[in-house]
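All remarks here apply to the structure that follows.
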Amino acid sequence: MSERRPGVEAQPLLAPAAAALARLRSLAASEWRQSRLYRWTLRGPPVDGVAAAPRDYRPADPETARMILSGRMMLAGETLEMGQGGDPWDTASPSRAFAVALHRFDWLPGLIQPSDPRLGSKATEEALRLSLDWLELFSPITPFAWGAETLERRVYNLACAAPRLVEIASEFEQRRLLESLAEQARRLMRLDDGPARAAERSVVSALVGATLGGKGAKPLLARALALTDRTLRAAVLPDGGLKTRSPEQAMELLLDLLTLDDALHQRRLPAPESVARTLDRLTAAVRFFTLGDGRLGAFQGGESANAARVASAVAHDDPSARVYGFAPQSGYHRMGGRQIQLLVDAAPPAEGPWSIAACAQPLALEISCGGDRMIVNAGWSPGAQGPQAFRLTDAGSTASVGEGSAGAPLSGFLAAGLGARLAGGAQRVDSRRHEDETGVWLELTHDGWAASHGLLHERRLYLDFRSEELRGEDRFMPAPKAAAPRRRLDPFVLHFHLHQDVQASLARDKRSVLIRGASNRGWWFRNDAPDVSLDASVRFDAGLPHRTRQITLSGNIGLDGSARVRWKLTPVESFEQPPPSR
């Protein structure tokens, strides 16, 4: 099987002109959206109360209500001491990430769903106060408060909370809150900064239309559902993955769709056929991307996500449903035995505007052993508090050559106009899979190093069901159209980033590495690389960086363009059991 694309935007001659034009359009649009006339166009027929109480399937932070009522707000790993009844809107946020989460109303679900029922009425009153205070200060449209970074999630959180808020609001407060929610939903549908999140925005807009009542809700819902039908068809692939190739984004879209489906069901309103079809596809994809620790594989601009969040996304599905081993359109392979489970990135990264968060990490893998996540990728995401460098090749558990990367995000002027799209890198990835009762064999090759070094990278993997052993081999070979003969020995490094809960120690032979996860189950990582070391690494979880380590296997690629390293992962205590049921 071969995954290829016609070409990645490697900063062609027309890119600067396209970036300049896009930048001018963005500036003109920003000026227009802040005008009174634009605000007038967001108005519509009046809305009247709520017609549904949509369920938010995302688990809320159980401590949010207690902290806010005590005068503290914790978001994005930062804490704001505002005092009881304080005003976070007129107080300097401790970081930009905190400000984004604040304006997204990430705190609202915790107040609407407090862990302590005794806090219920006080928490709802505080939620209403904070929401109305935001309206007082940010009703005028500003690029940040009404922009793509904050608007979508705020509208979703407000739509889910609206039924509780209007129960205690005055008639004037109800009207103001709901009319603003409708305006924000209309604004959300008009955002046009690329297709990468268009599906989420249309789904959230439709959720508002399904939640609100009155004359203004019906045309809003009709328009948003029509847009949802188009954007889902554009974004979701037949195997349930997204064109962005982010597993976490697929799960988050599933959670949004479940909430929309619930609201439509309460209203006894039909949903587009694409909604039901997409729900099925996304559910299967989330199961595919979930490893043995109950969390997602962190690939292509997505993090691993909280296990409770992942479980909530698939709770509606039959837990005994079979998980497939290959997602052909998304471009991922899954291999699983009794203990070892792994996911492998087996396709080029997304291209063009879909690649705004894509990572240049071809053939990267993540491995869980039992309930322990062992080998990971850096897990950079658009919400991570880390630089774009974590999108480069050496931040993935794959091979890098020299000091370069198999692709890189745009920067500077081009990024300002076109966004941080990924440029260059692998354009073709070939994979071949064989599976029987004894194990799974996978062969993968990519051309991400062909243009810069005239090399192909091949990764072979074999999972033995009986011995519960994973064997790997990474090879470099000359690309078929390599130019002149090689005159240098290119250094290579195989990166195996470890989860922050993993303990690792180098054996006396300075070659084998003993790794233990949170369960303390031991696994040997053996190899025949010329040089083996344990080096520093970083992994992102919930947007925050965590220090960890990586196993690095290094050497040089010969003048003939070839090099090979074999490695294997085996349990410390070998055991012989029947192969797993298929």
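Residues are named by chain letter and number: chains run A, B, ... in the order of the structure tokens, numbers start at 1 in each chain, and ligands are numbered from 1 in the order shown.
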
Contacts of stretch 186-190 of chain A at 10 Å or less, counting only C-alpha atoms, minus same-chain residues fewer than 6 places along, as a ChimeraX atom specification? /A:33,38-39,41-44,141,146-148,151-152,155,180,198-206,208-209,220,223-224,227-228

Name all residues at most 12 Å from stretch 528-532 of chain A (count only C-alpha atoms; drop same-chain ones fewer than 2 positions away) and give them as an NGL selection string. :A and (472-475 or 491-496 or 505-513 or 525-526 or 534-535 or 550-557 or 563-568)

Keeping only C-alpha atoms, take the residues you just selected and write them out as a PDB file, in the first residue's frame.
```pdb
ATOM      1  CA  GLY A 472      12.323  -3.562  14.833  1.00  0.00           C
ATOM      2  CA  GLU A 473      14.818  -2.744  12.138  1.00  0.00           C
ATOM      3  CA  ASP A 474      15.565   0.711  10.760  1.00  0.00           C
ATOM      4  CA  ARG A 475      17.501   0.980   7.514  1.00  0.00           C
ATOM      5  CA  PRO A 491      25.066  10.967  11.049  1.00  0.00           C
ATOM      6  CA  PHE A 492      21.692   9.469  11.923  1.00  0.00           C
ATOM      7  CA  VAL A 493      19.762   9.167  15.189  1.00  0.00           C
ATOM      8  CA  LEU A 494      16.859   6.893  16.071  1.00  0.00           C
ATOM      9  CA  HIS A 495      14.746   8.602  18.726  1.00  0.00           C
ATOM     10  CA  PHE A 496      12.634   6.626  21.191  1.00  0.00           C
ATOM     11  CA  SER A 505      18.594   2.751  33.060  1.00  0.00           C
ATOM     12  CA  LEU A 506      21.432   1.724  30.786  1.00  0.00           C
ATOM     13  CA  ALA A 507      22.745  -1.799  31.432  1.00  0.00           C
ATOM     14  CA  ARG A 508      26.392  -2.592  32.073  1.00  0.00           C
ATOM     15  CA  ASP A 509      26.913  -3.516  28.452  1.00  0.00           C
ATOM     16  CA  LYS A 510      26.087   0.160  27.616  1.00  0.00           C
ATOM     17  CA  ARG A 511      23.721  -1.105  24.969  1.00  0.00           C
ATOM     18  CA  SER A 512      20.587  -2.584  26.559  1.00  0.00           C
ATOM     19  CA  VAL A 513      18.141  -0.273  28.328  1.00  0.00           C
ATOM     20  CA  PHE A 525      15.110  -2.501  24.987  1.00  0.00           C
ATOM     21  CA  ARG A 526      18.018  -4.225  23.197  1.00  0.00           C
ATOM     22  CA  LEU A 534      19.800   8.187  27.388  1.00  0.00           C
ATOM     23  CA  ASP A 535      19.215  11.861  26.665  1.00  0.00           C
ATOM     24  CA  GLN A 550      14.711   9.424  25.273  1.00  0.00           C
ATOM     25  CA  ILE A 551      16.687   6.420  24.102  1.00  0.00           C
ATOM     26  CA  THR A 552      18.862   7.517  21.200  1.00  0.00           C
ATOM     27  CA  LEU A 553      20.547   5.052  18.848  1.00  0.00           C
ATOM     28  CA  SER A 554      23.093   6.780  16.643  1.00  0.00           C
ATOM     29  CA  GLY A 555      25.636   6.050  13.965  1.00  0.00           C
ATOM     30  CA  ASN A 556      26.777   7.101  10.504  1.00  0.00           C
ATOM     31  CA  ILE A 557      25.390   6.373   7.077  1.00  0.00           C
ATOM     32  CA  ALA A 563      23.015   1.852   7.419  1.00  0.00           C
ATOM     33  CA  ARG A 564      21.040  -0.551   9.592  1.00  0.00           C
ATOM     34  CA  VAL A 565      20.054  -0.782  13.257  1.00  0.00           C
ATOM     35  CA  ARG A 566      18.114  -3.658  14.795  1.00  0.00           C
ATOM     36  CA  TRP A 567      16.275  -3.354  18.105  1.00  0.00           C
ATOM     37  CA  LYS A 568      13.701  -5.251  20.112  1.00  0.00           C
TER      38      LYS A 568
END
```

Between atom CA of A:Arg58 and atom CA of A:Glu183, distance in Å (one decimal):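 Spanning atom CA of A:Arg58 to atom CA of A:Glu183 is a straight-line distance of 24.6 Å.
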
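Between atom CA of A:Tyr57 and atom CA of A:Asp261 the separation is 11.4 Å.
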
Name the residues of stretch 135-306 of chain A that come out as helix (DSSP H, G or I) in a backbone DSSP run; write them as a ChimeraX atom specification. /A:135-138,151-168,171-190,198-211,217-235,247-267,273-289

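In this structure, atom CA of A:Ala479 sits 25.7 Å away from atom CA of A:Leu410.
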
Please identify every residue of stretch 322-353 of chain A that has at least one atom no farther than 10 Å from an atom of stretch 414-423 of chain A, counting only C-alpha atoms, and for each give the shortest atom pair and the distance in Å to one decimal, arranged by chain then increasing number, as a tab-separated table.
```
residue	atom	partner	partner_atom	distance
A:Pro349	CA	A:Leu422	CA	8.1
A:Ala350	CA	A:Leu422	CA	8.0
A:Glu351	CA	A:Leu422	CA	7.1
A:Gly352	CA	A:Arg421	CA	6.5
A:Pro353	CA	A:Arg421	CA	6.5
```

DSSP-assigned strand (DSSP E) among stretch 253-410 of chain A, expressed as number ranges by chain: A: 326-327, 332-336, 340-345, 365-369, 372-376, 399-401, 408-409

For a quick check of understanding, using only C-alpha atoms, which of A:Val166, A:Ala53, A:Leu296, A:Leu463 has the smallest distance to A:Glu435?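 Distance minimum relative to A:Glu435 lands on A:Leu463.
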
Name the residues in contact with A:Asp106 at a cut-off of 8 Å, using only C-alpha atoms, excluding same-chain residues fewer than 5 positions from it; report them as a VMD selection string. chain A and resid 75 101 153 to 154 157

Using only C-alpha atoms, find the one residue out of A:Val538, A:Leu255, A:Ile340, A:Val310 that sits nearest to A:Val376.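 Closest to A:Val376, using only C-alpha atoms: A:Val538.
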
So, counting only C-alpha atoms, which residue among A:Arg466, A:Arg66, A:Lys243, A:Lys218 is closest to A:Ser355?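 For A:Ser355, the nearest of the candidates is A:Lys243.
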
Residue nearest A:Ala358 among A:Thr244, A:Thr91, A:Thr398, A:Thr79 (counting only C-alpha atoms):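 Distance minimum relative to A:Ala358 lands on A:Thr244.
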